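Participant: What follows is a single structure, and I will ask about it in a moment.
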Amino acid sequence: MAQGSCFFVIWRRTAKFMAVNLLSSIAPSSDTVATPSLGEEAKVQRAAKVRDGGSTLGAGAVRRHRRQRAAARQDGTELETRQDAVADERPAPEVSTVGEELCAQLSAKLEAGGEDRAAALAALSGRVREFSFDLGGCRVVQLALSVAGRSDAASLVGELRGHVRDGVASPAGNYVIQKLVEVMPMSLVEFVSEELEGVGAVTARHRFGCRVLCRLLEHHPSDGNTGPTARLVSEVMESAASLCCHAYGHHVIECALEHGTTEQKHGIAEALQVNIIRNAKNRFASYVLRKALLFCQIEDQQTLASALFSEPTKFSALAENQYGGFVVRTLLKLPPEVTRPALTNLPCVQSATSKKAKRVLHELHLLESAS
């Protein structure tokens, strides 16, 4: 028995040794490099990076641009060209011309107050534009606008006249424009709106420009005003339908729903009603629609809710959609006087094809019976 076991072990080791020799004999030599096919090489290159206009985009940026192009095809509108979108995604880095040490000294003097603050403001005088467009200097200008008196701040702001569009497009300068909109009175901010007139929709689609427009809506509402800011906001609202579906533009429309006038909110509600099911399923427009259901007047809320229920066959699909489901949940949170007129077109629970849709429809039917 022991001899049989020993023979089996020897046989197993011999077979393993022969198999290793066989594999080494048919394997390619060390100086041979496997060359992938053209199709495989193209797939690897596409997966590794996408080059356009000399810039390299990450996977997230590529997916974002694909979604924007798809939204543009559905809307029948044109977004930025791909080259512009790449440039907007990867702004050219700005070279610091001020210096970190000087910025730290001026910031310390501005915070100290008294004579030190006056000396720092005097040092900034005549160099506001240079500091504003500097990645470190822009923080000094923002601090100066926050702590300076009215006359000194007005003098600093005056140096930015004629440079608003450049400031909005600057990774550093846009923060200075936002700060002056926040802390300065309307009379000293109107030049910002004046210089942006004519490019309102373009500014709303810009990654930095949308922030400036949001600050204008938050701190300088145009209620009863016919000045430059009111004209600029009206210009932006003319493109509300397309901005709702834009990656940056939807932030401006949401801000208008929170801080805008009743007329502006009504205009946004009307724009959303066009292809409302598509808007509810859109990644960006769904945010706008949810906010419109919360901030619009009750008449517009009822109209939007009725439009969502107007196509019962599509409502189940809306409840199952990744973004449309959140819109439906917002409907459930509305008061009964808003949803009651819309519930007359509610589809039956059995028409749903998923558990999520059935649950939502069941809750809506309970809401209808309670009202």
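In the structure tokens, each chain is lettered A, B, ... as it comes, each chain's residues begin at 1, and ligands are numbered from 1 in order of appearance.
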Taking the chain letters and numbering used in this document, name the residues of segment 125-169 of chain A that DSSP puts in alpha helix (DSSP H), as JSON, numbers by chain.
Facilitator: {"A": [128, 129, 130, 131, 132, 137, 138, 139, 140, 141, 142, 143, 144, 145, 146, 147, 150, 151, 152, 153, 154, 155, 156, 157, 158, 164, 165, 166, 167, 168, 169]}
Participant: Next, dump the selected residues to file, keeping only C-alpha atoms, as a tab-separated table (two decimals), in the first residue's frame.
Facilitator:
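Written output follows (out-v9.tsv):
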```tsv
chain	number	residue	atom	x	y	z
A	128	VAL	CA	-7.49	96.28	-8.27
A	129	ARG	CA	-7.76	94.67	-11.70
A	130	GLU	CA	-4.33	93.05	-11.35
A	131	PHE	CA	-5.21	91.62	-7.93
A	132	SER	CA	-8.71	90.57	-9.01
A	137	GLY	CA	-4.83	88.46	-5.04
A	138	CYS	CA	-8.56	88.00	-5.64
A	139	ARG	CA	-8.96	87.04	-1.97
A	140	VAL	CA	-7.35	90.32	-0.92
A	141	VAL	CA	-9.78	92.32	-3.06
A	142	GLN	CA	-12.76	90.38	-1.67
A	143	LEU	CA	-11.60	91.12	1.89
A	144	ALA	CA	-11.06	94.77	1.05
A	145	LEU	CA	-14.60	95.10	-0.35
A	146	SER	CA	-15.98	93.54	2.84
A	147	VAL	CA	-14.13	95.73	5.37
A	150	ARG	CA	-18.46	103.05	1.37
A	151	SER	CA	-16.24	105.62	-0.36
A	152	ASP	CA	-13.11	103.42	-0.36
A	153	ALA	CA	-15.08	100.42	-1.63
A	154	ALA	CA	-16.66	102.52	-4.38
A	155	SER	CA	-13.18	103.62	-5.47
A	156	LEU	CA	-12.00	100.01	-5.64
A	157	VAL	CA	-15.07	98.90	-7.58
A	158	GLY	CA	-14.64	101.74	-10.08
A	164	VAL	CA	-16.78	92.72	-16.05
A	165	ARG	CA	-16.96	90.20	-18.90
A	166	ASP	CA	-13.30	89.32	-18.48
A	167	GLY	CA	-13.83	89.03	-14.74
A	168	VAL	CA	-16.82	86.71	-15.13
A	169	ALA	CA	-14.78	84.39	-17.36
```
Participant: I'd like the neighbourhood of Ser170 of chain A as a PDB file with N, CA and C atoms, in the first residue's frame, where a residue qualifies if any of its atoms comes within 9 Å (using only C-alpha atoms), though same-chain residues fewer than 3 positions away should be ignored.
Facilitator:
```pdb
ATOM      1  N   PRO A  91     -10.198  75.731 -17.912  1.00  0.00           N
ATOM      2  CA  PRO A  91      -9.703  77.070 -18.164  1.00  0.00           C
ATOM      3  C   PRO A  91      -8.193  77.121 -18.039  1.00  0.00           C
ATOM      4  N   GLU A  94      -3.996  80.634 -14.546  1.00  0.00           N
ATOM      5  CA  GLU A  94      -3.491  81.992 -14.507  1.00  0.00           C
ATOM      6  C   GLU A  94      -2.224  82.031 -13.671  1.00  0.00           C
ATOM      7  N   PHE A 133      -7.618  89.472 -10.886  1.00  0.00           N
ATOM      8  CA  PHE A 133      -7.410  88.391 -11.842  1.00  0.00           C
ATOM      9  C   PHE A 133      -6.287  87.454 -11.397  1.00  0.00           C
ATOM     10  N   ARG A 165     -16.891  91.451 -18.138  1.00  0.00           N
ATOM     11  CA  ARG A 165     -16.961  90.197 -18.904  1.00  0.00           C
ATOM     12  C   ARG A 165     -15.691  89.375 -18.731  1.00  0.00           C
ATOM     13  N   ASP A 166     -14.548  90.046 -18.721  1.00  0.00           N
ATOM     14  CA  ASP A 166     -13.299  89.316 -18.481  1.00  0.00           C
ATOM     15  C   ASP A 166     -13.279  88.743 -17.070  1.00  0.00           C
ATOM     16  N   GLY A 167     -13.801  89.509 -16.109  1.00  0.00           N
ATOM     17  CA  GLY A 167     -13.826  89.027 -14.736  1.00  0.00           C
ATOM     18  C   GLY A 167     -14.736  87.831 -14.556  1.00  0.00           C
ATOM     19  N   GLY A 173     -11.272  86.098 -11.059  1.00  0.00           N
ATOM     20  CA  GLY A 173     -12.035  87.334 -11.107  1.00  0.00           C
ATOM     21  C   GLY A 173     -13.510  87.165 -10.832  1.00  0.00           C
ATOM     22  N   ASN A 174     -14.077  86.002 -11.142  1.00  0.00           N
ATOM     23  CA  ASN A 174     -15.518  85.829 -10.928  1.00  0.00           C
ATOM     24  C   ASN A 174     -15.883  85.920  -9.457  1.00  0.00           C
ATOM     25  N   TYR A 175     -14.959  85.560  -8.571  1.00  0.00           N
ATOM     26  CA  TYR A 175     -15.241  85.674  -7.139  1.00  0.00           C
ATOM     27  C   TYR A 175     -15.299  87.131  -6.697  1.00  0.00           C
ATOM     28  N   PHE A 208     -18.765  79.975 -14.635  1.00  0.00           N
ATOM     29  CA  PHE A 208     -18.593  81.041 -13.663  1.00  0.00           C
ATOM     30  C   PHE A 208     -19.688  82.098 -13.785  1.00  0.00           C
TER      31      PHE A 208
END
```
Participant: Counting only C-alpha atoms, which residue out of A:Lys179, A:Arg278, A:Arg215, A:His259 sits closest to Lys314 of chain A?
Facilitator: A:Arg278
Participant: If we count only C-alpha atoms, what is near Gly99 of chain A at a cut-off of 12 Å, once residues fewer than 2 positions away on the same chain are taken out, given as a list in words?
Facilitator: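 My reading of the contact set: Val95, Ser96, Thr97, Glu101, Leu102, Cys103, Ala104, Gln105, Leu106, Glu130, Phe131, Asp134, Leu135, Gly136, Gly137, Cys138 and Val140 of chain A.
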Participant: Near Val202 of chain A, counting only C-alpha atoms, which residues have an atom at most 9 Å away, once you skip same-chain residues fewer than 5 positions from it, shown as a PyMOL selection string?
Facilitator: chain A and resi 209+236+249
Participant: How many Å separate atom CA of Ser193 of chain A from atom CA of Leu232 of chain A?
Facilitator: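 Computed distance, atom CA of Ser193 of chain A to atom CA of Leu232 of chain A, equals 6.2 Å.
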Participant: Kindly give the distance, in Å, that separates atom CA of Gly198 of chain A and atom CA of Gly162 of chain A, rounded to a single decimal.
Facilitator: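 Going from atom CA of Gly198 of chain A over to atom CA of Gly162 of chain A, I get 14.7 Å.
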